[in-house]
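J.: I'd like to ask some things about the structure below.
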Amino acid sequence: MASVIKRCDCPPGSWSSCGHSWVVRYRTDGGRGSGQRERIFGRNKRGADDFALKVEHDKRGTVFVDPAEGKTRFGEYAQLWLAQRVLAEGTVATYESVLRIHILPAFGGKHLATVWRRDIKDLLTRMRHRGLGASRITRPTW
Ligand SMILES: [Zn+2]
């Protein structure tokens with residue numbers, strides 16, 4: 001859960017009036033760069049609450065992209081993702097070829113934050129039209 005906190009020494013009961021910065025503490029999902037993050041909102045409690053809500057909402061919709069990681073290129077992320085899987089060699093080879101032939105030409109150079117669900121659906125449709133087997137299309141669970 002994202003939490004809206006203060007890092008000052010004031011007792012939590014006095015946070016609403018103490019004047020120190022509101023901080024949203026949240027976790028990113030999976031991946032090597034995952035972990036606890038914080039974003040500082042100054043005295044803007046409303047902004048902090050809204051951000052915390054958005055993080056949770058986006059995570060549930062599995063569209064959460066950490067703002068700092070949204071600048072990662074899709075191609076780099078895909079290689080990292082693949083390197084982190086524990087897969088049979090044949091499966092790795094299959095994923096690599098699907099990446100190389102279909103996915104990287106479409107998205108490899110794009111920033112993660114600019115790849116939309118719609119783009120992925122379009123790509124999957126094109127892959128199906130090219131006769132790629134369903135097992136190759138539906139296996140990855142991101
Ligand atoms: Zn304080």
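If you're wondering about the labels, chains in the structure tokens are A, B, ... by order shown, residues count from 1 in each chain, ligands from 1 in order shown.
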Excluding same-chain residues fewer than 3 positions from Ile5 of chain A, what lies within 7 Å of it counting only C-alpha atoms, as a list in words?

T.: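 Counting only the stated atoms, we get Trp22, Val23 and Val24 of chain A.
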
J.: Find the spatial neighbours of Gly108 of chain A, counting only C-alpha atoms, within a cut-off of 6 Å - ignore same-chain residues fewer than 3 positions away - and output them as a PDB file with C-alpha atoms, in the first residue's frame.

T.:
```pdb
ATOM      1  CA  PHE A  74      11.283  -0.995 -23.896  1.00  0.00           C
ATOM      2  CA  GLY A  75      14.113  -2.991 -25.483  1.00  0.00           C
ATOM      3  CA  LEU A 104      11.527  -5.050 -30.559  1.00  0.00           C
ATOM      4  CA  PRO A 105      10.961  -3.722 -34.083  1.00  0.00           C
TER       5      PRO A 105
END
```

J.: Give me the residues of chain A that have any atom at most 8 Å from an atom of ligand 1; for each, the nearest atom pair and the distance in Å, rounded to one decimal. Use only C-alpha atoms and all ligand atoms, sort by chain and number, and format it as a Markdown table.

T.:
```
| residue | atom | partner | partner_atom_place_in_ligand_line | distance |
| --- | --- | --- | --- | --- |
| A:Lys6 | CA | ligand 1 | 1 (Zn) | 6.7 |
| A:Arg7 | CA | ligand 1 | 1 (Zn) | 7.4 |
| A:Cys8 | CA | ligand 1 | 1 (Zn) | 4.6 |
| A:Asp9 | CA | ligand 1 | 1 (Zn) | 6.0 |
| A:Cys10 | CA | ligand 1 | 1 (Zn) | 4.5 |
| A:Pro11 | CA | ligand 1 | 1 (Zn) | 7.5 |
| A:Ser14 | CA | ligand 1 | 1 (Zn) | 7.3 |
| A:Trp15 | CA | ligand 1 | 1 (Zn) | 5.6 |
| A:Ser17 | CA | ligand 1 | 1 (Zn) | 7.8 |
| A:Cys18 | CA | ligand 1 | 1 (Zn) | 4.4 |
| A:Gly19 | CA | ligand 1 | 1 (Zn) | 5.9 |
| A:His20 | CA | ligand 1 | 1 (Zn) | 4.5 |
| A:Ser21 | CA | ligand 1 | 1 (Zn) | 7.5 |
```

J.: Keeping N, CA and C atoms, export the residues of the selection given above as a PDB file, in the first residue's frame.

T.:
```pdb
ATOM      1  N   LYS A   6       4.745  11.593   7.226  1.00  0.00           N
ATOM      2  CA  LYS A   6       5.765  12.632   7.394  1.00  0.00           C
ATOM      3  C   LYS A   6       6.984  11.979   8.001  1.00  0.00           C
ATOM      4  N   ARG A   7       8.140  12.517   7.674  1.00  0.00           N
ATOM      5  CA  ARG A   7       9.366  11.949   8.220  1.00  0.00           C
ATOM      6  C   ARG A   7       9.919  12.778   9.372  1.00  0.00           C
ATOM      7  N   CYS A   8       9.149  13.742   9.817  1.00  0.00           N
ATOM      8  CA  CYS A   8       9.616  14.597  10.907  1.00  0.00           C
ATOM      9  C   CYS A   8       9.429  13.868  12.243  1.00  0.00           C
ATOM     10  N   ASP A   9       9.910  14.463  13.299  1.00  0.00           N
ATOM     11  CA  ASP A   9       9.805  13.843  14.618  1.00  0.00           C
ATOM     12  C   ASP A   9       8.522  14.208  15.354  1.00  0.00           C
ATOM     13  N   CYS A  10       7.684  15.015  14.707  1.00  0.00           N
ATOM     14  CA  CYS A  10       6.433  15.401  15.362  1.00  0.00           C
ATOM     15  C   CYS A  10       5.548  14.158  15.514  1.00  0.00           C
ATOM     16  N   PRO A  11       4.751  14.103  16.564  1.00  0.00           N
ATOM     17  CA  PRO A  11       3.828  12.964  16.699  1.00  0.00           C
ATOM     18  C   PRO A  11       2.812  12.977  15.564  1.00  0.00           C
ATOM     19  N   SER A  14      -0.074  15.335  15.204  1.00  0.00           N
ATOM     20  CA  SER A  14       0.049  16.770  14.926  1.00  0.00           C
ATOM     21  C   SER A  14       0.528  17.045  13.499  1.00  0.00           C
ATOM     22  N   TRP A  15       0.597  15.996  12.678  1.00  0.00           N
ATOM     23  CA  TRP A  15       1.070  16.167  11.311  1.00  0.00           C
ATOM     24  C   TRP A  15       0.245  17.161  10.506  1.00  0.00           C
ATOM     25  N   SER A  17      -0.898  19.856  11.243  1.00  0.00           N
ATOM     26  CA  SER A  17      -0.608  21.266  11.481  1.00  0.00           C
ATOM     27  C   SER A  17       0.885  21.578  11.603  1.00  0.00           C
ATOM     28  N   CYS A  18       1.789  20.566  11.486  1.00  0.00           N
ATOM     29  CA  CYS A  18       3.187  20.825  11.825  1.00  0.00           C
ATOM     30  C   CYS A  18       4.010  21.509  10.730  1.00  0.00           C
ATOM     31  N   GLY A  19       3.529  21.527   9.510  1.00  0.00           N
ATOM     32  CA  GLY A  19       4.245  22.289   8.485  1.00  0.00           C
ATOM     33  C   GLY A  19       5.392  21.584   7.790  1.00  0.00           C
ATOM     34  N   HIS A  20       5.754  20.371   8.219  1.00  0.00           N
ATOM     35  CA  HIS A  20       6.770  19.613   7.489  1.00  0.00           C
ATOM     36  C   HIS A  20       6.143  18.983   6.236  1.00  0.00           C
ATOM     37  N   SER A  21       7.007  18.493   5.368  1.00  0.00           N
ATOM     38  CA  SER A  21       6.522  17.977   4.080  1.00  0.00           C
ATOM     39  C   SER A  21       5.786  16.644   4.203  1.00  0.00           C
TER      40      SER A  21
END
```

J.: List every residue of chain A that DSSP, applied to the backbone of this structure, places in helix (DSSP H, G or I), and write the result as a PyMOL selection string.

T.: chain A and resi 12-18+45-60+69-71+74-84+89-107+112-114+117-129+134-138

J.: Write the residues of the selection above to a file with C-alpha atoms, as a short mmCIF file (atom, residue, chain, number, x, y, z; two decimals), in the first residue's frame.

T.:
```
data_model
loop_
_atom_site.label_atom_id
_atom_site.label_comp_id
_atom_site.auth_asym_id
_atom_site.auth_seq_id
_atom_site.Cartn_x
_atom_site.Cartn_y
_atom_site.Cartn_z
CA PRO A 12 1.55 11.73 13.87
CA GLY A 13 -1.39 13.34 15.63
CA SER A 14 0.05 16.77 14.93
CA TRP A 15 1.07 16.17 11.31
CA SER A 16 -1.90 18.05 9.93
CA SER A 17 -0.61 21.27 11.48
CA CYS A 18 3.19 20.83 11.82
CA LYS A 45 -1.55 16.93 1.48
CA ARG A 46 -4.23 16.72 -1.18
CA GLY A 47 -1.60 16.14 -3.86
CA ALA A 48 0.02 13.45 -1.72
CA ASP A 49 -3.32 11.70 -1.12
CA ASP A 50 -4.15 11.83 -4.81
CA PHE A 51 -0.77 10.44 -5.79
CA ALA A 52 -1.04 7.59 -3.25
CA LEU A 53 -4.47 6.71 -4.63
CA LYS A 54 -3.23 6.81 -8.19
CA VAL A 55 -0.29 4.50 -7.41
CA GLU A 56 -2.62 1.95 -5.82
CA HIS A 57 -5.19 2.24 -8.56
CA ASP A 58 -2.63 1.83 -11.32
CA LYS A 59 -1.02 -1.15 -9.60
CA ARG A 60 -4.36 -2.92 -9.43
CA GLU A 69 11.46 3.90 -14.83
CA GLY A 70 9.07 5.09 -17.49
CA LYS A 71 12.09 6.52 -19.28
CA PHE A 74 11.28 -0.99 -23.90
CA GLY A 75 14.11 -2.99 -25.48
CA GLU A 76 16.35 -2.67 -22.42
CA TYR A 77 13.52 -3.59 -20.13
CA ALA A 78 12.61 -6.61 -22.25
CA GLN A 79 16.18 -7.93 -22.07
CA LEU A 80 16.23 -7.42 -18.30
CA TRP A 81 12.84 -9.06 -17.93
CA LEU A 82 14.01 -12.08 -19.89
CA ALA A 83 17.26 -12.32 -17.94
CA GLN A 84 15.31 -12.47 -14.69
CA GLU A 89 16.47 -23.05 -22.69
CA GLY A 90 13.96 -23.73 -25.43
CA THR A 91 11.55 -21.27 -23.90
CA VAL A 92 14.23 -18.61 -23.69
CA ALA A 93 15.04 -19.15 -27.35
CA THR A 94 11.35 -18.85 -28.25
CA TYR A 95 10.95 -15.64 -26.26
CA GLU A 96 14.12 -14.21 -27.77
CA SER A 97 12.97 -14.89 -31.28
CA VAL A 98 9.52 -13.42 -30.65
CA LEU A 99 11.16 -10.37 -29.13
CA ARG A 100 13.62 -9.96 -31.99
CA ILE A 101 11.21 -10.55 -34.82
CA HIS A 102 7.99 -9.01 -33.59
CA ILE A 103 8.24 -6.96 -30.44
CA LEU A 104 11.53 -5.05 -30.56
CA PRO A 105 10.96 -3.72 -34.08
CA ALA A 106 7.66 -2.30 -32.85
CA PHE A 107 8.58 -1.04 -29.37
CA LEU A 112 8.13 2.29 -21.33
CA ALA A 113 5.81 5.11 -20.37
CA THR A 114 4.84 5.58 -24.01
CA ARG A 117 -2.07 -1.34 -23.74
CA ARG A 118 -3.69 -0.49 -27.07
CA ASP A 119 -0.28 -0.69 -28.83
CA ILE A 120 0.29 -4.14 -27.38
CA LYS A 121 -3.15 -5.33 -28.43
CA ASP A 122 -2.49 -4.08 -31.96
CA LEU A 123 0.81 -5.90 -32.06
CA LEU A 124 -0.77 -9.13 -30.83
CA THR A 125 -3.39 -8.84 -33.55
CA ARG A 126 -0.70 -8.37 -36.21
CA MET A 127 1.22 -11.36 -34.83
CA ARG A 128 -1.89 -13.53 -35.02
CA HIS A 129 -2.46 -12.44 -38.60
CA ALA A 134 -1.29 -18.84 -29.66
CA SER A 135 1.15 -20.34 -27.14
CA ARG A 136 3.83 -17.91 -28.24
CA ILE A 137 1.49 -14.99 -27.90
CA THR A 138 -0.23 -15.65 -24.61
#
```

J.: For a test of reading the model, state the distance in Å between atom CA of Arg25 of chain A and atom CA of Arg39 of chain A, rounded to one decimal.

T.: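 Answer for the atom CA of Arg25 of chain A to atom CA of Arg39 of chain A separation: 6.7 Å.
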
J.: Which of these, A:Gln36, A:Thr72, A:Gly131, A:Val86, has the shortest distance to Lys110 of chain A once you count only C-alpha atoms?

T.: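 Between A:Gln36, A:Thr72, A:Gly131, A:Val86, the residue approaching Lys110 of chain A most closely is A:Thr72.
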
J.: Based on DSSP run over this structure's backbone, return all residues of chain A in strand (DSSP E), as an MDAnalysis selection string.

T.: chainID A and resid 3:5 23:27 36:40

J.: Compare A:Asn44, A:Arg37, A:Arg73, A:Ser3 by their minimum atom-to-atom distance to Val115 of chain A, counting only C-alpha atoms, and give me the closest one.

T.: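 For Val115 of chain A, the nearest of the candidates is A:Arg73.
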